[in-house]
>>> print(open('work.cif').read())   # mmCIF, C-alpha atoms
data_query
loop_
_atom_site.label_atom_id
_atom_site.label_comp_id
_atom_site.auth_asym_id
_atom_site.auth_seq_id
_atom_site.Cartn_x
_atom_site.Cartn_y
_atom_site.Cartn_z
CA MET A 1 31.49 -6.98 14.25
CA MET A 2 31.76 -9.98 11.99
CA GLN A 3 31.47 -13.19 13.89
CA GLN A 4 34.00 -15.93 13.51
CA ASN A 5 32.72 -18.88 11.53
CA PHE A 6 29.41 -17.23 10.86
CA GLU A 7 27.19 -19.45 8.82
CA PRO A 8 24.22 -17.56 7.42
CA LYS A 9 20.77 -19.07 7.22
CA ILE A 10 19.27 -18.82 3.78
CA ILE A 11 15.66 -19.49 2.98
CA ALA A 12 15.11 -20.18 -0.70
CA PHE A 13 11.62 -20.11 -2.16
CA CYS A 14 11.98 -22.21 -5.26
CA CYS A 15 9.32 -22.51 -7.90
CA ASN A 16 8.18 -26.05 -8.40
CA TRP A 17 8.63 -26.14 -12.16
CA CYS A 18 12.03 -24.59 -12.75
CA SER A 19 14.17 -23.68 -9.77
CA TYR A 20 13.24 -26.63 -7.64
CA ALA A 21 13.98 -28.90 -10.57
CA GLY A 22 17.27 -27.04 -10.99
CA ALA A 23 18.13 -27.65 -7.35
CA ASP A 24 17.14 -31.26 -7.81
CA LEU A 25 19.40 -31.58 -10.81
CA ALA A 26 22.26 -30.04 -8.87
CA GLY A 27 21.68 -32.76 -6.28
CA THR A 28 21.56 -35.63 -8.75
CA GLY A 29 24.53 -34.16 -10.61
CA ARG A 30 26.45 -34.20 -7.31
CA LEU A 31 27.25 -30.51 -7.49
CA LYS A 32 28.18 -29.33 -4.06
CA TYR A 33 26.42 -26.17 -2.96
CA SER A 34 26.35 -24.44 0.38
CA GLU A 35 24.46 -26.40 3.01
CA ASN A 36 23.22 -23.19 4.67
CA ILE A 37 20.29 -23.10 2.31
CA ARG A 38 16.82 -24.29 3.25
CA ILE A 39 14.62 -24.78 0.27
CA VAL A 40 10.88 -24.18 0.40
CA ARG A 41 9.02 -25.46 -2.61
CA VAL A 42 6.27 -23.15 -3.84
CA PRO A 43 3.97 -23.72 -6.81
CA CYS A 44 5.14 -20.56 -8.53
CA SER A 45 7.44 -17.70 -7.61
CA SER A 46 4.44 -15.38 -7.59
CA ARG A 47 3.08 -17.43 -4.68
CA VAL A 48 5.71 -15.83 -2.48
CA GLU A 49 3.97 -13.08 -0.57
CA VAL A 50 5.61 -10.18 1.20
CA GLN A 51 4.62 -11.59 4.55
CA MET A 52 6.36 -14.89 3.79
CA ILE A 53 9.63 -13.09 3.10
CA LEU A 54 9.37 -10.87 6.18
CA ARG A 55 8.41 -13.80 8.34
CA ALA A 56 11.50 -15.67 7.21
CA PHE A 57 13.64 -12.73 8.32
CA GLN A 58 11.80 -12.49 11.63
CA ASN A 59 12.39 -16.16 12.28
CA GLY A 60 16.11 -15.78 11.94
CA ALA A 61 16.93 -15.99 8.26
CA ASP A 62 19.92 -13.93 7.18
CA GLY A 63 18.99 -14.01 3.56
CA VAL A 64 15.97 -14.88 1.48
CA MET A 65 16.16 -16.04 -2.09
CA VAL A 66 13.21 -16.13 -4.43
CA ALA A 67 13.87 -18.26 -7.46
CA GLY A 68 11.57 -18.72 -10.40
CA CYS A 69 11.50 -19.60 -14.05
CA HIS A 70 13.11 -17.27 -16.56
CA PRO A 71 10.72 -14.60 -17.83
CA GLY A 72 8.75 -16.15 -20.65
CA ASP A 73 9.18 -19.70 -19.37
CA CYS A 74 6.62 -19.61 -16.55
CA HIS A 75 4.53 -22.74 -16.25
CA TYR A 76 1.51 -20.53 -15.64
CA ASP A 77 2.50 -18.13 -18.44
CA THR A 78 2.59 -14.88 -16.45
CA GLY A 79 3.42 -15.83 -12.85
CA ASN A 80 6.99 -14.62 -12.79
CA TYR A 81 6.10 -11.31 -14.41
CA HIS A 82 4.08 -10.61 -11.30
CA THR A 83 6.99 -11.63 -9.10
CA ARG A 84 9.23 -9.29 -11.00
CA ARG A 85 6.94 -6.31 -10.49
CA ARG A 86 6.42 -6.94 -6.82
CA MET A 87 9.99 -7.68 -5.87
CA VAL A 88 11.39 -4.52 -7.45
CA LEU A 89 8.95 -2.51 -5.41
CA LEU A 90 9.51 -4.49 -2.23
CA LYS A 91 13.24 -4.00 -2.53
CA SER A 92 12.94 -0.24 -2.81
CA LEU A 93 10.45 -0.08 0.06
CA VAL A 94 12.67 -2.18 2.28
CA SER A 95 15.69 -0.06 1.50
CA PHE A 96 13.65 3.11 2.12
CA MET A 97 12.85 1.77 5.57
CA GLY A 98 16.51 1.14 6.27
CA MET A 99 16.55 -2.61 6.09
CA ASP A 100 19.04 -4.36 3.86
CA PRO A 101 17.76 -4.99 0.35
CA GLU A 102 20.90 -7.04 -0.45
CA ARG A 103 19.57 -9.77 1.78
CA LEU A 104 16.76 -10.44 -0.64
CA LEU A 105 17.83 -12.11 -3.84
CA VAL A 106 15.57 -12.70 -6.80
CA LYS A 107 16.93 -15.02 -9.42
CA TRP A 108 15.68 -16.79 -12.49
CA ILE A 109 16.92 -20.39 -12.59
CA SER A 110 15.54 -22.92 -15.02
CA GLY A 111 15.25 -26.68 -14.63
CA ASN A 112 18.49 -27.53 -16.41
CA GLU A 113 20.66 -24.85 -14.85
CA ALA A 114 22.10 -26.88 -12.00
CA ALA A 115 25.44 -25.09 -12.25
CA ARG A 116 23.74 -21.70 -12.11
CA PHE A 117 21.84 -22.77 -9.01
CA GLN A 118 25.06 -23.83 -7.34
CA GLU A 119 26.78 -20.63 -8.37
CA THR A 120 23.90 -18.45 -7.14
CA VAL A 121 23.66 -20.13 -3.77
CA ASP A 122 27.39 -20.05 -3.19
CA SER A 123 27.83 -16.42 -4.13
CA PHE A 124 24.80 -15.39 -2.08
CA ASN A 125 26.23 -17.32 0.84
CA ASP A 126 29.54 -15.50 0.52
CA GLN A 127 27.81 -12.17 0.26
CA LEU A 128 25.81 -12.83 3.42
CA LYS A 129 28.92 -13.91 5.26
CA LYS A 130 30.38 -10.51 4.52
CA LEU A 131 27.21 -8.73 5.64
CA GLY A 132 27.10 -10.63 8.91
CA PRO A 133 24.06 -11.71 10.87
CA SER A 134 20.79 -9.94 10.23
CA ASN A 135 19.34 -8.39 13.35
CA LYS A 136 17.08 -5.67 12.08
CA VAL A 137 13.89 -7.60 11.62
CA ARG A 138 13.96 -10.19 14.36
CA ASP A 139 10.91 -11.46 16.16
CA GLN A 140 12.07 -11.89 19.77
CA ARG A 141 9.45 -14.52 20.43
CA CYS A 142 11.10 -16.89 17.98
CA GLU A 143 14.41 -16.87 19.86
CA ILE A 144 13.98 -19.37 22.60
CA MET B 1 -22.33 33.59 -5.50
CA ARG B 2 -24.72 31.22 -3.82
CA ASP B 3 -23.95 29.71 -0.47
CA ILE B 4 -22.55 26.19 -0.85
CA ASN B 5 -24.30 24.95 2.29
CA LYS B 6 -27.68 26.04 0.96
CA GLU B 7 -27.11 24.13 -2.24
CA ILE B 8 -25.98 21.02 -0.37
CA ILE B 9 -29.07 21.07 1.84
CA GLU B 10 -31.39 21.64 -1.10
CA ILE B 11 -29.96 18.73 -3.02
CA ALA B 12 -30.03 16.41 -0.02
CA GLN B 13 -33.61 17.34 0.87
CA GLU B 14 -34.78 16.85 -2.66
CA LEU B 15 -33.19 13.41 -2.86
CA LEU B 16 -34.65 12.32 0.47
CA GLU B 17 -38.10 13.71 -0.30
CA SER B 18 -38.41 11.98 -3.64
CA ASN B 19 -37.28 8.71 -2.02
CA LYS B 20 -34.46 8.37 -4.50
CA VAL B 21 -32.14 7.56 -1.61
CA ASP B 22 -32.54 6.17 1.90
CA MET B 23 -29.84 8.31 3.43
CA VAL B 24 -27.33 11.00 2.63
CA LEU B 25 -23.74 10.73 3.78
CA GLY B 26 -22.25 14.14 4.31
CA TYR B 27 -20.63 16.43 6.83
CA THR B 28 -21.96 18.42 9.75
CA LYS B 29 -20.47 21.09 11.96
CA GLY B 30 -19.03 20.17 15.34
CA GLU B 31 -18.91 22.33 18.45
CA ARG B 32 -15.72 24.14 17.54
CA PRO B 33 -15.35 26.07 14.28
CA ASP B 34 -12.52 23.77 13.18
CA GLN B 35 -14.54 20.62 13.66
CA THR B 36 -16.53 19.00 10.90
CA PHE B 37 -17.81 15.49 11.31
CA PRO B 38 -19.21 12.84 9.00
CA PHE B 39 -22.98 12.87 9.25
CA ILE B 40 -25.80 10.64 8.06
CA ALA B 41 -29.04 12.37 7.18
CA LYS B 42 -32.08 10.12 6.93
CA THR B 43 -34.88 12.68 7.09
CA LYS B 44 -35.52 16.08 5.64
CA GLU B 45 -34.99 17.74 9.01
CA GLU B 46 -31.67 16.04 9.54
CA ALA B 47 -30.55 17.15 6.11
CA GLU B 48 -30.64 20.75 7.30
CA ARG B 49 -27.56 20.08 9.38
CA LEU B 50 -25.44 19.14 6.38
CA THR B 51 -22.53 21.39 5.52
CA PHE B 52 -19.21 21.52 3.74
CA ASP B 53 -16.18 23.60 4.64
CA TYR B 54 -12.38 23.52 4.84
CA TYR B 55 -12.44 21.03 7.68
CA SER B 56 -14.37 18.32 5.84
CA TYR B 57 -11.29 16.17 5.54
CA ASN B 58 -12.82 12.80 6.35
CA SER B 59 -13.19 10.35 3.53
CA LEU B 60 -16.77 9.08 3.53
CA SER B 61 -16.50 6.29 0.99
CA LYS B 62 -15.16 3.77 3.49
CA TYR B 63 -18.49 3.88 5.39
CA LEU B 64 -20.15 2.20 2.42
CA LEU B 65 -18.47 -1.10 3.27
CA ASP B 66 -20.18 -1.21 6.63
CA ASP B 67 -22.97 -3.75 7.10
CA MET B 68 -25.64 -1.18 7.89
CA TYR B 69 -25.32 0.36 4.44
CA GLN B 70 -25.66 -2.82 2.42
CA GLY B 71 -28.66 -2.96 0.10
CA LYS B 72 -29.61 0.66 0.77
CA LYS B 73 -29.70 3.54 -1.65
CA ILE B 74 -27.18 6.08 -0.49
CA ALA B 75 -26.24 9.54 -1.64
CA ILE B 76 -22.66 10.46 -0.82
CA PHE B 77 -20.69 13.71 -0.99
CA LEU B 78 -17.31 13.33 -2.62
CA LYS B 79 -14.19 15.45 -2.82
CA GLY B 80 -11.65 14.75 -5.56
CA CYS B 81 -9.61 12.17 -3.66
CA ASP B 82 -12.72 10.49 -2.19
CA PHE B 83 -14.14 10.18 -5.65
CA ARG B 84 -11.05 8.46 -6.99
CA GLY B 85 -11.04 6.05 -4.06
CA LEU B 86 -14.71 5.28 -4.55
CA LYS B 87 -14.20 4.73 -8.25
CA LEU B 88 -11.63 2.08 -7.44
CA MET B 89 -14.05 0.49 -4.98
CA ILE B 90 -16.75 0.40 -7.65
CA GLY B 91 -14.30 -0.99 -10.20
CA GLU B 92 -13.33 -3.77 -7.84
CA ASP B 93 -16.99 -4.59 -7.04
CA ARG B 94 -16.80 -3.63 -3.39
CA VAL B 95 -19.89 -1.46 -3.78
CA LYS B 96 -22.55 -1.34 -6.45
CA ARG B 97 -22.72 1.77 -8.56
CA GLU B 98 -26.50 1.52 -8.99
CA ASP B 99 -26.99 1.73 -5.21
CA LEU B 100 -25.18 5.02 -5.02
CA HIS B 101 -26.05 8.55 -5.85
CA LEU B 102 -22.77 10.41 -6.17
CA ILE B 103 -22.65 14.11 -5.41
CA GLY B 104 -19.44 15.70 -6.57
CA LEU B 105 -17.81 18.70 -4.91
CA ASP B 106 -15.06 20.97 -6.09
CA CYS B 107 -12.56 20.56 -3.30
CA PRO B 108 -10.82 23.77 -2.26
CA GLY B 109 -8.23 21.83 -0.28
CA VAL B 110 -8.67 21.03 3.39
CA LYS B 111 -7.16 22.51 6.51
CA ARG B 112 -5.42 20.89 9.41
CA GLY B 113 -5.73 23.30 12.27
CA GLU B 114 -4.77 26.67 10.84
CA SER B 115 -2.68 25.64 7.87
CA VAL B 116 -3.45 23.82 4.63
CA SER B 117 -3.15 20.07 4.78
CA PRO B 118 0.25 19.15 3.29
CA TYR B 119 -1.32 16.42 1.15
CA CYS B 120 -3.37 18.99 -0.75
CA LEU B 121 -0.39 21.02 -1.90
CA SER B 122 0.42 18.88 -4.92
CA CYS B 123 -3.16 17.70 -5.59
CA ARG B 124 -4.19 18.34 -9.18
CA LEU B 125 -7.32 16.25 -9.17
CA ASN B 126 -9.34 18.09 -6.55
CA ASN B 127 -12.35 18.57 -8.81
CA VAL B 128 -14.74 15.73 -9.45
CA PRO B 129 -15.48 15.32 -13.18
CA LYS B 130 -19.07 16.35 -13.85
CA GLU B 131 -19.92 13.58 -16.29
CA GLU B 132 -19.05 10.79 -13.86
CA VAL B 133 -21.27 11.83 -10.95
CA ASP B 134 -25.04 12.06 -10.66
CA THR B 135 -25.14 15.55 -9.18
CA LYS B 136 -22.44 18.16 -9.23
CA ILE B 137 -22.41 21.00 -6.73
CA SER B 138 -22.00 24.11 -8.83
CA THR B 139 -20.74 26.50 -6.18
CA SER B 140 -17.33 26.10 -4.63
CA LEU B 141 -15.27 27.60 -1.85
CA GLU B 142 -12.23 29.76 -2.41
CA PRO B 143 -9.27 27.44 -3.14
CA LEU B 144 -6.69 27.31 -0.36
CA VAL B 145 -3.73 26.43 -2.55
CA GLU B 146 -2.85 29.16 -5.00
CA ARG B 147 0.03 27.47 -6.69
CA LYS B 148 0.25 23.74 -7.30
CA TYR B 149 3.42 22.39 -5.85
CA SER B 150 5.35 19.62 -7.51
CA HIS B 151 5.55 16.20 -5.92
CA GLU B 152 9.18 16.81 -4.98
CA GLU B 153 8.36 20.06 -3.21
CA SER B 154 5.42 18.87 -1.18
CA PHE B 155 7.04 15.62 -0.06
CA SER B 156 10.58 16.86 0.42
CA GLU B 157 10.98 14.59 3.47
CA ILE B 158 11.28 11.67 1.10
CA ASN B 159 14.39 13.20 -0.45
CA ASP B 160 15.80 13.87 3.00
CA ILE B 161 15.29 10.28 4.01
CA GLU B 162 16.76 9.01 0.77
CA LYS B 163 19.91 11.01 1.41
CA MET B 164 20.46 9.32 4.78
CA SER B 165 22.61 6.25 5.12
CA ASN B 166 20.98 2.89 5.55
CA GLU B 167 21.58 2.91 9.29
CA GLU B 168 20.16 6.40 9.72
CA ARG B 169 17.09 5.44 7.75
CA PHE B 170 16.63 2.41 9.92
CA GLU B 171 16.94 4.50 13.08
CA TYR B 172 14.50 7.06 11.68
CA TRP B 173 11.85 4.47 10.98
CA LYS B 174 12.59 2.71 14.22
CA ARG B 175 11.82 5.94 16.07
CA GLN B 176 8.63 6.36 14.12
CA LEU B 177 7.37 2.81 14.04
CA SER B 178 8.11 1.88 17.64
CA ARG B 179 5.41 4.38 18.62
CA CYS B 180 2.82 2.38 16.71
CA LYS B 181 -0.06 1.20 18.86
CA ARG B 182 -1.50 -1.08 16.21
CA CYS B 183 -4.86 0.62 16.41
CA TYR B 184 -5.28 -0.05 12.66
CA SER B 185 -6.63 3.44 12.05
CA CYS B 186 -4.40 3.80 9.01
CA ARG B 187 -5.98 0.70 7.55
CA ASN B 188 -9.53 1.64 8.45
CA GLY B 189 -9.25 5.21 7.28
CA CYS B 190 -7.64 4.43 3.95
CA PRO B 191 -10.23 4.76 1.17
CA VAL B 192 -8.54 2.15 -1.04
CA CYS B 193 -7.76 -0.49 1.61
CA THR B 194 -10.97 -2.37 1.05
CA CYS B 195 -10.54 -6.13 1.53
CA ARG B 196 -13.66 -7.67 3.10
CA VAL B 197 -11.51 -9.70 5.47
CA CYS B 198 -8.16 -8.10 6.15
CA LEU B 199 -5.04 -10.18 6.37
CA PHE B 200 -4.44 -8.81 9.85
CA ASP B 201 -7.90 -9.83 11.06
CA ARG B 202 -7.49 -13.46 10.09
CA GLU B 203 -6.73 -16.02 12.76
CA ASN B 204 -4.62 -18.14 10.50
CA PRO B 205 -1.63 -17.81 10.11
CA GLY B 206 -1.11 -17.04 13.77
CA TYR B 207 2.06 -15.00 13.45
CA ILE B 208 0.17 -12.03 12.06
CA ASP B 209 -1.09 -10.53 15.26
CA GLY B 210 -1.58 -7.12 16.76
CA ALA B 211 -1.00 -7.89 20.42
CA THR B 212 2.68 -7.17 20.53
CA ASP B 213 4.96 -4.29 21.31
CA GLN B 214 7.83 -5.45 19.17
CA LEU B 215 9.46 -3.37 16.51
CA ALA B 216 9.66 -6.37 14.18
CA GLN B 217 5.90 -6.80 14.23
CA HIS B 218 5.35 -3.11 13.55
CA GLN B 219 7.74 -3.23 10.63
CA PHE B 220 5.92 -6.29 9.41
CA TYR B 221 2.57 -4.58 9.60
CA HIS B 222 3.67 -1.32 8.02
CA VAL B 223 5.63 -2.89 5.17
CA ILE B 224 2.64 -5.03 4.27
CA ARG B 225 0.12 -2.24 4.67
CA ALA B 226 2.14 0.11 2.50
CA PHE B 227 2.71 -2.63 -0.04
CA HIS B 228 -0.94 -3.63 -0.29
CA VAL B 229 -2.06 -0.12 -1.13
CA ALA B 230 1.08 0.82 -3.06
CA ASP B 231 -0.37 0.84 -6.54
CA ARG B 232 -3.77 2.19 -5.57
CA CYS B 233 -2.92 5.09 -3.26
CA VAL B 234 -4.95 8.21 -4.03
CA GLY B 235 -2.65 10.41 -1.99
CA CYS B 236 -5.33 11.71 0.37
CA GLY B 237 -3.01 11.45 3.37
CA GLU B 238 -5.69 9.96 5.61
CA CYS B 239 -3.24 7.34 6.90
CA SER B 240 -1.04 9.99 8.48
CA ARG B 241 -3.90 12.21 9.56
CA VAL B 242 -5.73 9.52 11.52
CA CYS B 243 -2.56 8.22 13.17
CA PRO B 244 -2.76 8.96 16.91
CA GLU B 245 1.03 8.81 17.12
CA ASN B 246 1.69 11.01 14.08
CA ILE B 247 3.72 8.43 12.22
CA PRO B 248 4.37 9.85 8.71
CA LEU B 249 2.87 6.88 6.92
CA HIS B 250 2.10 8.84 3.78
CA LEU B 251 5.83 8.97 3.10
CA LEU B 252 5.85 5.22 2.49
CA SER B 253 2.96 5.44 0.06
CA GLN B 254 4.36 8.46 -1.72
CA LYS B 255 7.75 6.83 -2.03
CA LEU B 256 6.12 3.78 -3.61
CA ILE B 257 4.15 5.99 -5.99
CA ARG B 258 7.43 7.52 -7.13
CA GLU B 259 9.05 4.14 -7.55
CA LEU B 260 6.12 2.77 -9.49
CA GLU B 261 6.22 5.76 -11.77
CA LYS B 262 9.90 5.19 -12.37
CA PHE B 263 9.48 1.51 -13.18
CA TYR B 264 6.11 1.20 -14.87
CA GLY B 265 5.00 4.67 -15.92
CA THR B 266 2.47 6.98 -14.42
CA TYR B 267 -0.72 5.48 -13.12
CA THR B 268 -3.34 7.60 -11.41
CA THR B 269 -5.85 5.70 -9.34
CA GLY B 270 -9.41 6.47 -10.28
CA VAL B 271 -8.42 8.21 -13.49
CA ASP B 272 -6.66 5.50 -15.44
CA GLU B 273 -8.33 2.22 -16.28
CA LEU B 274 -8.13 -0.81 -14.02
CA PRO B 275 -6.19 -3.03 -13.39
CA THR B 276 -3.79 -1.28 -11.07
CA PRO B 277 -0.05 -1.74 -11.83
CA LEU B 278 0.52 -4.49 -9.29
CA SER B 279 -2.51 -6.54 -10.25
CA THR B 280 -1.20 -6.94 -13.75
CA ALA B 281 2.15 -7.72 -15.33
CA LYS B 282 3.52 -7.59 -18.82
CA ALA B 283 6.12 -9.60 -20.65
CA ASN B 284 8.01 -6.50 -21.69
CA ASP B 285 8.45 -5.05 -18.20
CA PRO B 286 12.02 -4.07 -17.37
CA ASP B 287 13.87 -7.00 -15.83
CA HIS B 288 15.99 -5.94 -12.88
CA PHE B 289 17.00 -9.40 -11.82
CA GLY B 290 18.31 -11.17 -14.90
CA LYS B 291 20.95 -8.89 -16.32
CA GLU B 292 24.24 -9.62 -14.66
CA VAL B 293 24.92 -13.36 -15.09
CA LYS B 294 24.74 -15.03 -18.46
#
>>> encode(input="work.cif", output="structure tokens")
Amino acid sequence: MMQQNFEPKIIAFCCNWCSYAGADLAGTGRLKYSENIRIVRVPCSSRVEVQMILRAFQNGADGVMVAGCHPGDCHYDTGNYHTRRRMVLLKSLVSFMGMDPERLLVKWISGNEAARFQETVDSFNDQLKKLGPSNKVRDQRCEI
Amino acid sequence: MRDINKEIIEIAQELLESNKVDMVLGYTKGERPDQTFPFIAKTKEEAERLTFDYYSYNSLSKYLLDDMYQGKKIAIFLKGCDFRGLKLMIGEDRVKREDLHLIGLDCPGVKRGESVSPYCLSCRLNNVPKEEVDTKISTSLEPLVERKYSHEESFSEINDIEKMSNEERFEYWKRQLSRCKRCYSCRNGCPVCTCRVCLFDRENPGYIDGATDQLAQHQFYHVIRAFHVADRCVGCGECSRVCPENIPLHLLSQKLIRELEKFYGTYTTGVDELPTPLSTAKANDPDHFGKEVK
């Protein structure tokens, strides 16, 4: 049921201090990464609540990426440890309820890892292309 | 052995008479023999109607959050699971310990209809510790569960669901969740779901609303509800019991309890110290997201 020329929509929640800077560096370094990504800048990866992720899926995202500083490098010392705890649990809950946990990617990308950012986005994009469009958690009201 | 009801009434009357408390929260008998309701006794005469039996399944601690109980001295009857929920509420400053007079009961397990409630089968913390309550009821009813079942045995549905494929699981939960009426009973009945203003009652952001019949919104609600009480669940099973559509919501909570145990070690709400596993984080937690790429 894979569509021809399917371009997935990716929402990336990037932490202001590391991953967003990494994305920025990828831009200034003229590294080409998939244009399917929409970056949302958040103060810290632990700012990303469950409802934000689910809402992204409801609004038509095919994949959601949560990117933060490497463990130990958090600007707020412990923020990404909280992210780590929550996201493991969210993934298992989502897979228990039959939704696709592969569509949620959690990644640690620091401010100087432009190449890693590019790599992550591209491989996630490829993975989502294989999975096809997400239609399990769609809010009908958003499809006008 | 003394009659438990007599002891309950004596204790309640004594507390009310000496003006130690303004009211006693307990249970009373309904019209049918299998009905027992929550009951508030404010006078000595009313206290005579108090009782406790196998049908006293309601959790009373959630009443304490209501406006009419603020600033009053209240005595409350507690089973094992209620006590653990209330202890969490006290620890999180939802209620003040000095306003309460806790009366602990040895819970024999509760009944649903004719049979034992399935949530009581694996309960090992049915007795309220004597040193942590103000009054302990000394008599107890005959326990309903002879043998304590393991977690795997009493929630075998979880294993069944885990064995299904992703699509089957999705269909299973679709069948269950599309019945949801969004009455919010599971939220209101849960003894550990105690935010003063719930996320789902806020007007902003507008996308979190109840007035919808869509599956996506039900998934949204139930994922978030299960997630918000994941680390604090006391396993009382009230969420499933109060559900008018019989959605097995306790499976979500029990699944998350298992997962938490796997990742971060055993944590028992109301027995172990606060903070709960999801309100804290440690540097040496296992990292499931950073291994593959170097």
>>> interface_residues(input="work.cif", of="chain B", to="chain A", cutoff="8 Å", atoms="all atoms listed in the file", output="PyMOL selection string")
chain B and resi 161-162+166-171+173+214-217+219-220+223-224+227+252+255-256+259-260+278-283+285+287-290
>>> write_last_selection(input="work.cif", atoms="C-alpha atoms", output="CSV table (one decimal), in the coordinates of the input")
chain,number,residue,atom,x,y,z
B,161,ILE,CA,15.3,10.3,4.0
B,162,GLU,CA,16.8,9.0,0.8
B,166,ASN,CA,21.0,2.9,5.6
B,167,GLU,CA,21.6,2.9,9.3
B,168,GLU,CA,20.2,6.4,9.7
B,169,ARG,CA,17.1,5.4,7.8
B,170,PHE,CA,16.6,2.4,9.9
B,171,GLU,CA,16.9,4.5,13.1
B,173,TRP,CA,11.8,4.5,11.0
B,214,GLN,CA,7.8,-5.4,19.2
B,215,LEU,CA,9.5,-3.4,16.5
B,216,ALA,CA,9.7,-6.4,14.2
B,217,GLN,CA,5.9,-6.8,14.2
B,219,GLN,CA,7.7,-3.2,10.6
B,220,PHE,CA,5.9,-6.3,9.4
B,223,VAL,CA,5.6,-2.9,5.2
B,224,ILE,CA,2.6,-5.0,4.3
B,227,PHE,CA,2.7,-2.6,0.0
B,252,LEU,CA,5.8,5.2,2.5
B,255,LYS,CA,7.8,6.8,-2.0
B,256,LEU,CA,6.1,3.8,-3.6
B,259,GLU,CA,9.0,4.1,-7.6
B,260,LEU,CA,6.1,2.8,-9.5
B,278,LEU,CA,0.5,-4.5,-9.3
B,279,SER,CA,-2.5,-6.5,-10.2
B,280,THR,CA,-1.2,-6.9,-13.8
B,281,ALA,CA,2.2,-7.7,-15.3
B,282,LYS,CA,3.5,-7.6,-18.8
B,283,ALA,CA,6.1,-9.6,-20.6
B,285,ASP,CA,8.4,-5.0,-18.2
B,287,ASP,CA,13.9,-7.0,-15.8
B,288,HIS,CA,16.0,-5.9,-12.9
B,289,PHE,CA,17.0,-9.4,-11.8
B,290,GLY,CA,18.3,-11.2,-14.9
>>> residues_around(input="work.cif", residues="Ile247 (chain B)", least_positions_apart="4", cutoff="7 Å", atoms="all atoms listed in the file", output="list in words")
Gln176, Leu177, Ser240 and Cys243 of chain B
>>> atom_distance(input="work.cif", atom1="CA of Ser185 (chain B)", atom2="CA of Cys239 (chain B)")
7.3 Å
>>> residues_around(input="work.cif", residues="Glu48 (chain B)", least_positions_apart="3", cutoff="10 Å", atoms="only C-alpha atoms", output="PyMOL selection string")
chain B and resi 5-6+8-10+12-13+28+41+43-45+51
>>> residues_around(input="work.cif", residues="Ser122 (chain B)", least_positions_apart="6", cutoff="10 Å", atoms="only C-alpha atoms", output="list in words")
Val145, Arg147, Lys148, Tyr149, Ser150, His151, Glu152, Glu153, Ser154, Phe155 and Gly235 of chain B
>>> resolve_selection(input="work.cif", expression="the PyMOL selection byres ((chain B and resi 267) around 12)", output="list in words")
Ala230, Asp231, Arg232, Cys233, Val234, Leu256, Ile257, Arg258, Glu259, Leu260, Glu261, Lys262, Phe263, Tyr264, Gly265, Thr266, Thr268, Thr269, Gly270, Val271, Asp272, Glu273, Leu274, Pro275, Thr276, Pro277 and Leu278 of chain B
>>> write_last_selection(input="work.cif", atoms="C-alpha atoms", output="PDB file, in the frame of the given file")
ATOM      1  CA  ALA B 230       1.080   0.820  -3.060  1.00  0.00           C
ATOM      2  CA  ASP B 231      -0.370   0.840  -6.540  1.00  0.00           C
ATOM      3  CA  ARG B 232      -3.770   2.190  -5.570  1.00  0.00           C
ATOM      4  CA  CYS B 233      -2.920   5.090  -3.260  1.00  0.00           C
ATOM      5  CA  VAL B 234      -4.950   8.210  -4.030  1.00  0.00           C
ATOM      6  CA  LEU B 256       6.120   3.780  -3.610  1.00  0.00           C
ATOM      7  CA  ILE B 257       4.150   5.990  -5.990  1.00  0.00           C
ATOM      8  CA  ARG B 258       7.430   7.520  -7.130  1.00  0.00           C
ATOM      9  CA  GLU B 259       9.050   4.140  -7.550  1.00  0.00           C
ATOM     10  CA  LEU B 260       6.120   2.770  -9.490  1.00  0.00           C
ATOM     11  CA  GLU B 261       6.220   5.760 -11.770  1.00  0.00           C
ATOM     12  CA  LYS B 262       9.900   5.190 -12.370  1.00  0.00           C
ATOM     13  CA  PHE B 263       9.480   1.510 -13.180  1.00  0.00           C
ATOM     14  CA  TYR B 264       6.110   1.200 -14.870  1.00  0.00           C
ATOM     15  CA  GLY B 265       5.000   4.670 -15.920  1.00  0.00           C
ATOM     16  CA  THR B 266       2.470   6.980 -14.420  1.00  0.00           C
ATOM     17  CA  THR B 268      -3.340   7.600 -11.410  1.00  0.00           C
ATOM     18  CA  THR B 269      -5.850   5.700  -9.340  1.00  0.00           C
ATOM     19  CA  GLY B 270      -9.410   6.470 -10.280  1.00  0.00           C
ATOM     20  CA  VAL B 271      -8.420   8.210 -13.490  1.00  0.00           C
ATOM     21  CA  ASP B 272      -6.660   5.500 -15.440  1.00  0.00           C
ATOM     22  CA  GLU B 273      -8.330   2.220 -16.280  1.00  0.00           C
ATOM     23  CA  LEU B 274      -8.130  -0.810 -14.020  1.00  0.00           C
ATOM     24  CA  PRO B 275      -6.190  -3.030 -13.390  1.00  0.00           C
ATOM     25  CA  THR B 276      -3.790  -1.280 -11.070  1.00  0.00           C
ATOM     26  CA  PRO B 277      -0.050  -1.740 -11.830  1.00  0.00           C
ATOM     27  CA  LEU B 278       0.520  -4.490  -9.290  1.00  0.00           C
TER      28      LEU B 278
END
>>> resolve_selection(input="work.cif", expression="the PyMOL selection byres ((chain A and resi 104) around 6)", output="MDAnalysis selection string")
chainID A and resid 63:65 101:103 105
>>> atom_distance(input="work.cif", atom1="CA of Val40 (chain A)", atom2="CA of His228 (chain B)")
23.7 Å
>>> residues_near_point(input="work.cif", point="(18.5, -27.6, -0.3)", cutoff="9 Å", atoms="all atoms listed in the file", output="list in words")
Ala12, Ala23, Asp24, Gly27, Tyr33, Ser34, Glu35, Asn36, Ile37, Arg38, Ile39 and Val40 of chain A
